[in-house]
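File shown here: data14.tsv, holding TSV, C-alpha atoms and all ligand atoms.
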```tsv
chain	number	residue	atom	x	y	z
A	84	MET	CA	26.93	-48.08	56.71
A	85	ILE	CA	27.03	-47.80	60.49
A	86	PRO	CA	30.51	-48.02	62.08
A	87	ALA	CA	31.44	-50.27	64.98
A	88	ASP	CA	31.30	-47.56	67.67
A	89	PRO	CA	28.54	-45.30	66.36
A	90	VAL	CA	27.21	-42.02	67.68
A	91	TRP	CA	23.43	-41.70	67.79
A	92	LEU	CA	21.47	-38.43	67.94
A	93	VAL	CA	17.82	-38.73	68.96
A	94	THR	CA	15.13	-36.01	68.89
A	95	GLY	CA	12.30	-35.73	71.42
A	96	CYS	CA	13.91	-37.56	74.34
A	97	SER	CA	11.77	-36.03	77.10
A	98	SER	CA	9.25	-38.89	77.05
A	99	GLY	CA	7.91	-41.91	75.20
A	100	PHE	CA	10.00	-43.61	72.50
A	101	GLY	CA	12.71	-40.93	72.60
A	102	ARG	CA	13.26	-41.31	76.32
A	103	ALA	CA	13.20	-45.10	76.01
A	104	LEU	CA	15.75	-44.98	73.16
A	105	ALA	CA	18.11	-42.65	75.03
A	106	THR	CA	17.88	-44.91	78.08
A	107	GLU	CA	18.44	-48.07	76.02
A	108	LEU	CA	21.47	-46.60	74.21
A	109	ALA	CA	23.02	-45.31	77.44
A	110	THR	CA	22.44	-48.69	79.11
A	111	ARG	CA	24.17	-50.46	76.22
A	112	SER	CA	27.02	-47.93	76.43
A	113	ILE	CA	26.32	-46.81	72.85
A	114	ARG	CA	27.36	-43.17	72.34
A	115	VAL	CA	24.29	-40.95	72.27
A	116	VAL	CA	23.35	-37.30	72.05
A	117	ALA	CA	19.89	-37.12	73.57
A	118	THR	CA	17.98	-33.97	72.67
A	119	ALA	CA	14.82	-32.24	73.82
A	120	ARG	CA	13.23	-28.84	73.54
A	121	SER	CA	14.23	-28.27	77.16
A	122	VAL	CA	17.35	-30.04	78.45
A	123	SER	CA	15.82	-30.00	81.95
A	124	ALA	CA	13.58	-32.83	80.67
A	125	LEU	CA	16.71	-34.99	80.23
A	126	ALA	CA	17.69	-35.02	83.93
A	127	TYR	CA	17.01	-38.79	83.99
A	128	LEU	CA	20.24	-39.30	82.00
A	129	GLU	CA	23.66	-39.35	83.55
A	130	THR	CA	25.91	-37.50	81.12
A	131	GLY	CA	29.52	-38.60	80.62
A	132	PRO	CA	32.06	-39.59	77.98
A	133	ARG	CA	29.42	-41.61	76.06
A	134	VAL	CA	26.24	-39.65	76.83
A	135	ALA	CA	25.65	-36.00	75.91
A	136	ILE	CA	22.54	-33.85	75.91
A	137	ALA	CA	21.55	-30.89	73.74
A	138	SER	CA	18.62	-28.57	73.31
A	139	LEU	CA	16.78	-29.12	70.02
A	140	ASP	CA	13.38	-27.87	68.86
A	141	VAL	CA	12.68	-29.43	65.47
A	142	THR	CA	10.74	-26.36	64.35
A	143	ARG	CA	13.77	-24.09	64.91
A	144	ALA	CA	16.55	-24.79	62.41
A	145	ASP	CA	19.07	-22.80	64.48
A	146	THR	CA	18.62	-25.14	67.46
A	147	VAL	CA	18.83	-28.21	65.20
A	148	GLU	CA	22.11	-27.03	63.67
A	149	GLY	CA	23.36	-26.11	67.14
A	150	ALA	CA	22.66	-29.62	68.43
A	151	PHE	CA	24.58	-31.20	65.52
A	152	ASP	CA	27.48	-28.81	66.16
A	153	GLU	CA	27.49	-29.85	69.82
A	154	ALA	CA	27.35	-33.54	68.88
A	155	VAL	CA	30.31	-33.23	66.50
A	156	ALA	CA	32.21	-31.20	69.11
A	157	ALA	CA	31.55	-33.89	71.73
A	158	PHE	CA	32.13	-37.04	69.67
A	159	GLY	CA	33.69	-35.96	66.36
A	160	ARG	CA	30.88	-37.50	64.29
A	161	VAL	CA	27.21	-38.51	64.13
A	162	ASP	CA	26.21	-41.85	62.61
A	163	VAL	CA	22.58	-42.64	63.43
A	164	VAL	CA	20.01	-39.83	63.47
A	165	VAL	CA	16.61	-40.67	64.93
A	166	ASN	CA	13.77	-38.40	63.83
A	167	ASN	CA	11.51	-39.33	66.71
A	168	ALA	CA	9.96	-36.03	67.85
A	169	GLY	CA	6.35	-35.76	66.78
A	170	ILE	CA	2.82	-34.99	67.92
A	171	GLY	CA	-0.68	-36.07	66.93
A	172	VAL	CA	-3.61	-33.87	65.98
A	173	ILE	CA	-6.79	-35.84	66.61
A	174	GLY	CA	-10.29	-35.27	65.28
A	175	PRO	CA	-12.29	-35.46	62.03
A	176	VAL	CA	-10.51	-33.72	59.16
A	177	GLU	CA	-13.23	-31.06	58.79
A	178	ASP	CA	-13.15	-30.22	62.51
A	179	VAL	CA	-9.37	-29.71	62.76
A	180	SER	CA	-8.54	-25.99	62.64
A	181	GLU	CA	-6.14	-24.66	60.03
A	182	GLU	CA	-3.77	-23.62	62.82
A	183	GLN	CA	-3.78	-27.17	64.26
A	184	ALA	CA	-3.22	-28.75	60.85
A	185	ARG	CA	-0.31	-26.43	60.11
A	186	LEU	CA	1.26	-27.13	63.50
A	187	GLN	CA	0.97	-30.86	62.77
A	188	PHE	CA	2.98	-30.43	59.58
A	189	GLU	CA	5.35	-27.89	61.14
A	190	ILE	CA	6.50	-30.45	63.70
A	191	ASN	CA	6.05	-33.84	61.98
A	192	VAL	CA	7.13	-32.89	58.44
A	193	PHE	CA	9.09	-29.62	58.38
A	194	GLY	CA	10.66	-30.62	61.70
A	195	VAL	CA	11.96	-33.84	60.14
A	196	LEU	CA	13.18	-31.81	57.17
A	197	ASN	CA	15.09	-29.42	59.47
A	198	VAL	CA	16.83	-32.38	61.11
A	199	VAL	CA	17.58	-34.03	57.75
A	200	ARG	CA	19.07	-30.76	56.45
A	201	ALA	CA	21.37	-30.50	59.46
A	202	ALA	CA	22.26	-34.22	59.45
A	203	LEU	CA	23.11	-34.78	55.81
A	204	PRO	CA	26.16	-32.50	55.55
A	205	VAL	CA	27.66	-34.57	58.38
A	206	LEU	CA	26.62	-38.02	57.10
A	207	ARG	CA	27.41	-37.33	53.43
A	208	VAL	CA	30.90	-36.04	54.19
A	209	GLN	CA	31.52	-39.08	56.41
A	210	ARG	CA	30.19	-41.19	53.52
A	211	GLY	CA	28.18	-43.29	55.92
A	212	GLY	CA	25.39	-43.24	58.47
A	213	HIS	CA	21.72	-43.92	58.92
A	214	LEU	CA	18.45	-42.01	59.30
A	215	VAL	CA	15.74	-43.56	61.46
A	216	ASN	CA	12.51	-41.74	60.67
A	217	PHE	CA	9.46	-42.29	62.85
A	218	ALA	CA	6.33	-42.58	60.76
A	219	SER	CA	3.55	-44.77	62.20
A	220	MET	CA	1.21	-47.57	61.20
A	221	ALA	CA	-0.94	-44.49	60.46
A	222	GLY	CA	1.71	-43.59	57.87
A	223	GLU	CA	0.60	-46.63	55.88
A	224	VAL	CA	-3.12	-46.84	56.72
A	225	SER	CA	-5.25	-43.82	57.56
A	226	ILE	CA	-8.30	-44.07	59.79
A	227	ASP	CA	-11.15	-41.71	60.66
A	228	SER	CA	-10.09	-39.22	63.36
A	229	LEU	CA	-6.40	-39.36	62.35
A	230	GLY	CA	-6.56	-37.91	58.83
A	231	ILE	CA	-4.29	-34.91	59.49
A	232	TYR	CA	-1.82	-36.94	61.56
A	233	SER	CA	-1.78	-39.68	58.92
A	234	ALA	CA	-1.19	-37.12	56.19
A	235	SER	CA	1.92	-35.93	58.05
A	236	LYS	CA	3.20	-39.47	58.48
A	237	PHE	CA	2.46	-40.37	54.83
A	238	ALA	CA	4.67	-37.36	54.06
A	239	VAL	CA	7.44	-38.81	56.23
A	240	GLU	CA	7.12	-42.10	54.32
A	241	GLY	CA	7.45	-40.36	50.95
A	242	LEU	CA	10.34	-38.19	52.06
A	243	SER	CA	12.14	-41.21	53.47
A	244	GLU	CA	11.76	-43.34	50.33
A	245	ALA	CA	13.28	-40.57	48.19
A	246	LEU	CA	16.09	-40.00	50.68
A	247	ARG	CA	16.90	-43.72	50.65
A	248	ALA	CA	17.46	-43.56	46.89
A	249	GLU	CA	19.34	-40.25	46.96
A	250	LEU	CA	21.65	-41.24	49.80
A	251	ALA	CA	22.55	-44.73	48.60
A	252	PRO	CA	25.70	-43.48	46.80
A	253	TYR	CA	26.87	-42.02	50.11
A	254	ASP	CA	26.27	-45.26	52.02
A	255	VAL	CA	23.63	-43.56	54.14
A	256	GLY	CA	20.61	-45.76	54.83
A	257	VAL	CA	17.05	-44.96	55.89
A	258	THR	CA	14.77	-47.00	58.15
A	259	ILE	CA	11.13	-45.98	58.59
A	260	VAL	CA	9.75	-46.94	62.02
A	261	GLU	CA	6.02	-47.71	61.98
A	262	PRO	CA	4.71	-48.25	65.51
A	263	GLY	CA	1.22	-49.34	66.46
A	264	PRO	CA	-0.20	-48.00	69.75
A	265	PHE	CA	2.37	-47.60	72.54
A	266	ASP	CA	2.09	-46.25	76.06
A	267	THR	CA	3.64	-42.77	75.64
A	268	GLU	CA	2.46	-39.16	75.93
A	269	TRP	CA	1.27	-39.20	72.31
A	270	LEU	CA	-2.37	-39.39	73.48
A	271	GLY	CA	-1.55	-37.39	76.62
A	272	ARG	CA	0.13	-34.04	77.14
A	273	ASN	CA	1.39	-33.89	73.54
A	274	ALA	CA	-1.94	-34.63	71.82
A	275	ILE	CA	-3.82	-31.79	70.14
A	276	TRP	CA	-7.55	-32.35	70.02
A	277	ALA	CA	-9.80	-30.72	67.42
A	278	PRO	CA	-12.61	-28.63	68.93
A	279	ARG	CA	-15.41	-31.08	69.59
A	280	ASP	CA	-18.49	-30.78	67.41
A	281	ASP	CA	-20.79	-33.78	67.67
A	282	ALA	CA	-23.13	-32.51	64.99
A	283	ARG	CA	-21.22	-33.55	61.89
A	284	TYR	CA	-19.29	-36.69	62.80
A	285	PRO	CA	-20.82	-38.22	65.95
A	286	ALA	CA	-19.38	-41.69	65.29
A	287	VAL	CA	-15.86	-40.32	64.83
A	288	TRP	CA	-16.12	-38.29	68.04
A	289	GLU	CA	-17.29	-41.38	69.88
A	290	TYR	CA	-14.13	-43.09	68.70
A	291	VAL	CA	-12.02	-40.10	69.75
A	292	GLU	CA	-13.54	-40.30	73.26
A	293	ALA	CA	-12.65	-43.99	73.35
A	294	MET	CA	-9.04	-43.03	72.55
A	295	ARG	CA	-9.05	-40.52	75.43
A	296	ALA	CA	-10.31	-43.27	77.73
A	297	VAL	CA	-7.54	-45.61	76.55
A	298	TYR	CA	-4.98	-42.98	77.54
A	299	ALA	CA	-6.69	-42.23	80.87
A	300	ASP	CA	-6.41	-45.96	81.70
A	301	ARG	CA	-2.86	-46.12	80.26
A	302	ALA	CA	-4.23	-49.03	78.24
A	303	GLN	CA	-2.14	-48.57	75.06
A	304	VAL	CA	-0.73	-52.04	74.57
A	305	GLY	CA	2.90	-51.37	73.62
A	306	ASP	CA	5.84	-50.87	75.97
A	307	PRO	CA	8.17	-48.19	74.53
A	308	ALA	CA	11.17	-49.72	76.31
A	309	ARG	CA	10.69	-52.96	74.35
A	310	ALA	CA	10.24	-50.96	71.13
A	311	ALA	CA	13.49	-49.10	71.84
A	312	ALA	CA	15.34	-52.37	72.32
A	313	ALA	CA	13.89	-53.67	69.03
A	314	ILE	CA	14.99	-50.51	67.18
A	315	VAL	CA	18.54	-50.64	68.54
A	316	ASP	CA	18.71	-54.38	67.73
A	317	ALA	CA	17.49	-53.74	64.17
A	318	LEU	CA	20.14	-51.06	63.64
A	319	THR	CA	22.90	-53.03	65.30
A	320	ASN	CA	22.46	-56.61	64.07
A	321	GLY	CA	23.09	-56.93	60.35
A	322	THR	CA	21.55	-54.80	57.62
A	323	PRO	CA	18.90	-52.41	58.99
A	324	PRO	CA	15.45	-52.98	57.46
A	325	GLU	CA	13.81	-50.42	55.17
A	326	ARG	CA	10.74	-50.46	57.39
A	327	LEU	CA	10.28	-51.51	60.99
A	328	PRO	CA	6.62	-52.04	61.95
A	329	LEU	CA	6.34	-52.35	65.73
A	330	GLY	CA	3.61	-54.45	67.31
A	331	ALA	CA	0.99	-56.86	66.00
A	332	MET	CA	-1.46	-54.07	65.08
A	333	ALA	CA	1.16	-52.44	62.85
A	334	PHE	CA	1.81	-55.73	61.05
A	335	ASP	CA	-1.95	-56.26	60.60
A	336	ALA	CA	-2.35	-52.73	59.22
A	337	LEU	CA	0.42	-53.26	56.67
A	338	ARG	CA	-1.02	-56.61	55.59
A	339	ARG	CA	-4.47	-55.01	55.19
A	340	LYS	CA	-2.90	-52.25	53.11
A	341	ILE	CA	-1.16	-54.75	50.83
A	342	ALA	CA	-4.39	-56.76	50.44
A	343	ALA	CA	-6.44	-53.63	49.69
A	344	LEU	CA	-3.93	-52.41	47.09
A	345	SER	CA	-3.82	-55.84	45.46
A	346	ALA	CA	-7.62	-55.99	45.36
A	347	THR	CA	-7.81	-52.52	43.78
A	348	LEU	CA	-5.23	-53.43	41.14
A	349	ALA	CA	-6.98	-56.73	40.38
A	350	SER	CA	-10.32	-54.95	39.99
A	351	ILE	CA	-9.01	-52.49	37.38
A	352	GLU	CA	-6.60	-54.90	35.68
A	353	PRO	CA	-8.97	-55.91	32.86
A	354	ASP	CA	-8.87	-52.29	31.65
A	355	ALA	CA	-5.16	-51.86	32.31
A	356	PRO	CA	-3.94	-51.99	28.69
A	357	SER	CA	-6.10	-49.00	27.82
A	358	MET	CA	-4.72	-47.11	30.80
A	359	LEU	CA	-1.41	-46.26	29.21
A	360	TYR	CA	-3.12	-43.12	27.91
A	361	PRO	CA	-0.82	-42.76	24.93
A	362	LYS	CA	-0.89	-39.34	23.29
A	363	GLU	CA	-2.78	-39.38	20.04
A	364	THR	CA	-0.27	-38.96	17.24
A	365	ALA	CA	-0.99	-36.35	14.67
A	366	PRO	CA	-2.25	-37.82	11.40
B	401	LIG	N1	2.80	-43.70	70.90
B	401	LIG	C1	2.26	-44.20	69.82
B	401	LIG	O1	1.29	-44.94	69.91
B	401	LIG	C2	2.85	-43.88	68.46
B	401	LIG	C3	2.47	-44.69	67.38
B	401	LIG	C4	3.02	-44.43	66.14
B	401	LIG	C5	3.95	-43.43	65.99
B	401	LIG	N2	4.32	-42.65	67.05
B	401	LIG	C6	5.32	-41.60	66.83
B	401	LIG	O2	6.38	-41.79	67.76
B	401	LIG	C7	7.09	-40.55	67.90
B	401	LIG	C8	7.35	-40.28	69.37
B	401	LIG	O3	6.13	-40.06	70.02
B	401	LIG	P1	5.76	-40.75	71.41
B	401	LIG	O4	4.71	-41.76	71.14
B	401	LIG	O5	6.97	-41.17	72.12
B	401	LIG	O6	5.02	-39.55	72.14
B	401	LIG	P2	5.50	-38.56	73.30
B	401	LIG	O7	5.73	-39.30	74.57
B	401	LIG	O8	4.45	-37.49	73.30
B	401	LIG	O9	6.88	-37.98	72.79
B	401	LIG	C9	6.95	-37.01	71.78
B	401	LIG	C10	8.26	-36.28	71.91
B	401	LIG	O10	8.33	-35.32	70.85
B	401	LIG	C11	8.80	-34.12	71.43
B	401	LIG	N3	8.45	-32.93	70.66
B	401	LIG	C12	7.24	-32.43	70.35
B	401	LIG	N4	7.37	-31.30	69.65
B	401	LIG	C13	8.71	-31.08	69.50
B	401	LIG	C14	9.49	-30.08	68.89
B	401	LIG	N5	8.93	-29.03	68.25
B	401	LIG	N6	10.84	-30.20	68.91
B	401	LIG	C15	11.43	-31.23	69.56
B	401	LIG	N7	10.74	-32.19	70.19
B	401	LIG	C16	9.39	-32.12	70.16
B	401	LIG	C17	8.21	-34.08	72.82
B	401	LIG	O11	8.96	-33.17	73.60
B	401	LIG	P3	8.35	-32.12	74.65
B	401	LIG	O12	8.44	-32.79	75.98
B	401	LIG	O13	9.25	-30.94	74.57
B	401	LIG	O14	6.95	-31.82	74.24
B	401	LIG	C18	8.40	-35.54	73.23
B	401	LIG	O15	9.70	-35.73	73.71
B	401	LIG	C19	6.23	-39.49	67.22
B	401	LIG	O16	6.78	-39.18	65.95
B	401	LIG	C20	4.88	-40.18	67.09
B	401	LIG	O17	4.11	-39.64	66.04
B	401	LIG	C21	3.77	-42.86	68.28
```
Please express the file's structure as structure tokens.
Amino acid sequence: MIPADPVWLVTGCSSGFGRALATELATRSIRVVATARSVSALAYLETGPRVAIASLDVTRADTVEGAFDEAVAAFGRVDVVVNNAGIGVIGPVEDVSEEQARLQFEINVFGVLNVVRAALPVLRVQRGGHLVNFASMAGEVSIDSLGIYSASKFAVEGLSEALRAELAPYDVGVTIVEPGPFDTEWLGRNAIWAPRDDARYPAVWEYVEAMRAVYADRAQVGDPARAAAAIVDALTNGTPPERLPLGAMAFDALRRKIAALSATLASIEPDAPSMLYPKETAP
């Protein structure tokens, strides 16, 4: 349940979706605590009685707890928590270094967990609120060159589904946001590229170079400002959806996933009765 005059807290507001969300909320005069690793990156916001800023690095639990403390001190409550901060590691799975893969999970998975751990004591005690967790269309459908990133977003999907069930008695909801490609810094300053090695996966590297070119031309189709408006609308008008795919490519990806799952089930269905694998009873 989201109250009439809610307080939002958003992670990763220095650029992209986070910045667009903070701007959209401030414009609509919805109370917001915009956070970033460095508050100097939030200078675009005019702070005041309905807009606060706080420093928050999702990989540092102390800063996450500190930001929630500041939010409660400023507004007395937090109602909508947006787990937006995230990065992408790009390259064939075998070429991504262990350090890069661990950093991917440190930010996209354990970072979300840090925020959830700080948020739930507030939301549960209020007996109401909402988590908005950014996954991706890559959290539903994985493609070559995004295996490690997809794995982190699949983890966000799984975590979010369990949280939705666990938090229902407390009237705390969960919406998973699943964007397609949007014009942010995800492919820019925040992208982590695997060390290039054309020998093993030349076709995948060709695709990775095409992604770099898309960013260089700022040719990602989606406008984050329009996505932000859609997210605020979805959370404000009626019951928030369980999932919010953003953009035509995200819808297509989900439909392809459903079709592929249905086809797999249909192909094994003739054998299904024998797949109960009952334990053999002792004679
Ligand atoms: N753009 C897309 O096409 C797309 C598609 C699907 C999903 N997404 C998801 O959308 C979310 C937002 O990304 P974006 O597209 O808006 O990209 P972005 O412009 O690169 O924004 C990412 C934000 O995350 C922040 N961040 C990174 N590491 C952090 C940390 N340790 N603690 C706190 N903040 C941190 C960055 O802050 P700094 O300035 O401090 O680095 C930045 O504000 C991500 O979860 C991403 O995976 C994006």
Spatial sel., origin (2.3, -42.9, 71.8), limit 12 Å, all atoms listed in the file, listed as a ChimeraX atom specification = /A:98-103,167-171,217-221,261-274,294,297-298,301-307,310,329
Enclose all atoms of ligand LIG 401 (chain B) listed in the file in an axis-aligned box, grow every side by 6 Å, and hand back centre and edge lengths in Å to one decimal, as AutoDock Vina command-line options.
```
--center_x 6.4 --center_y -37.0 --center_z 71.0 --size_x 22.1 --size_y 27.9 --size_z 22.0
```
query = Taking all atoms listed in the file into account, which of A:Tyr290, A:Phe151, A:Trp91, A:Phe193 comes nearest ligand LIG 401 (chain B)?
reply = A:Phe193
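One distance worth recording is that between atom CA of A:Arg160 and atom CA of A:Gln209, which is 8.1 Å.
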request  = For A:Asp227, list every protein, DNA or RNA residue within 9 Å, evaluated using all atoms listed in the file, and leave out those in the same chain fewer than 2 positions away; present the list as number ranges by chain.
outcome  = A: 174-176, 225, 229-230, 287, 290
For the selection you just gave me, I'd like the residues written to a file as a PDB file, keeping the file's coordinate frame, keeping C-alpha atoms.
```
ATOM      1  CA  GLY A 174     -10.290 -35.270  65.280  1.00  0.00           C
ATOM      2  CA  PRO A 175     -12.290 -35.460  62.030  1.00  0.00           C
ATOM      3  CA  VAL A 176     -10.510 -33.720  59.160  1.00  0.00           C
ATOM      4  CA  SER A 225      -5.250 -43.820  57.560  1.00  0.00           C
ATOM      5  CA  LEU A 229      -6.400 -39.360  62.350  1.00  0.00           C
ATOM      6  CA  GLY A 230      -6.560 -37.910  58.830  1.00  0.00           C
ATOM      7  CA  VAL A 287     -15.860 -40.320  64.830  1.00  0.00           C
ATOM      8  CA  TYR A 290     -14.130 -43.090  68.700  1.00  0.00           C
TER       9      TYR A 290
END
```
task = Excluding stretch 278-284 of chain A and any residue of its chain fewer than 6 positions from it, enumerate the residues within 12 Å of it, using only C-alpha atoms, and give them as a ChimeraX atom specification.
result = /A:172-183,227-228,290-292
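Here the question is which of A:Leu344, A:Ala333, A:Ala156, A:Ala296 gets nearest to ligand LIG 401 (chain B) using only C-alpha atoms and all ligand atoms, and that residue is A:Ala333.
Residues with any atom within 12 Å of A:Asp140, counting all atoms listed in the file and excluding same-chain neighbours fewer than 5 positions away, are Val93, Thr94, Gly95, Cys96, Ser97, Thr118, Ala119, Arg120, Ser121, Val122, Asp145, Thr146, Val147, Glu148, Gly149, Ala150, Asn166, Asn167, Ala168, Gly169, Glu189, Ile190, Asn191, Phe193, Gly194, Val195, Asn197 and Val198 of chain A.
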Using the selection just defined, write its residues with C-alpha atoms as a tab-separated table (two decimals), in the coordinates of the input.
```tsv
chain	number	residue	atom	x	y	z
A	93	VAL	CA	17.82	-38.73	68.96
A	94	THR	CA	15.13	-36.01	68.89
A	95	GLY	CA	12.30	-35.73	71.42
A	96	CYS	CA	13.91	-37.56	74.34
A	97	SER	CA	11.77	-36.03	77.10
A	118	THR	CA	17.98	-33.97	72.67
A	119	ALA	CA	14.82	-32.24	73.82
A	120	ARG	CA	13.23	-28.84	73.54
A	121	SER	CA	14.23	-28.27	77.16
A	122	VAL	CA	17.35	-30.04	78.45
A	145	ASP	CA	19.07	-22.80	64.48
A	146	THR	CA	18.62	-25.14	67.46
A	147	VAL	CA	18.83	-28.21	65.20
A	148	GLU	CA	22.11	-27.03	63.67
A	149	GLY	CA	23.36	-26.11	67.14
A	150	ALA	CA	22.66	-29.62	68.43
A	166	ASN	CA	13.77	-38.40	63.83
A	167	ASN	CA	11.51	-39.33	66.71
A	168	ALA	CA	9.96	-36.03	67.85
A	169	GLY	CA	6.35	-35.76	66.78
A	189	GLU	CA	5.35	-27.89	61.14
A	190	ILE	CA	6.50	-30.45	63.70
A	191	ASN	CA	6.05	-33.84	61.98
A	193	PHE	CA	9.09	-29.62	58.38
A	194	GLY	CA	10.66	-30.62	61.70
A	195	VAL	CA	11.96	-33.84	60.14
A	197	ASN	CA	15.09	-29.42	59.47
A	198	VAL	CA	16.83	-32.38	61.11
```
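For the choices A:Val239, A:Val215, A:Ile314, A:Ala154, the atom-to-atom distance to A:Leu104 is smallest for A:Ile314 when using only C-alpha atoms.
Each of A:Asp162, A:Glu240, A:Asp88, A:Glu129 was compared to ligand LIG 401 (chain B) using all atoms listed in the file, and A:Glu240 turns out to be the nearest.
Using all atoms listed in the file, the nearest neighbour of A:Gly211 within the list A:Pro252, A:Pro328, A:Leu125, A:Ile351 is A:Pro252.
Distances from A:Thr110, A:Asn216, A:Thr142, A:Thr130 to ligand LIG 401 (chain B) were compared using only C-alpha atoms and all ligand atoms, and the smallest one belongs to A:Thr142.
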query = Quick one: distance from atom C5 of ligand LIG 401 (chain B) to atom CA of A:Gly212 in Å, one decimal?
reply = 22.7 Å
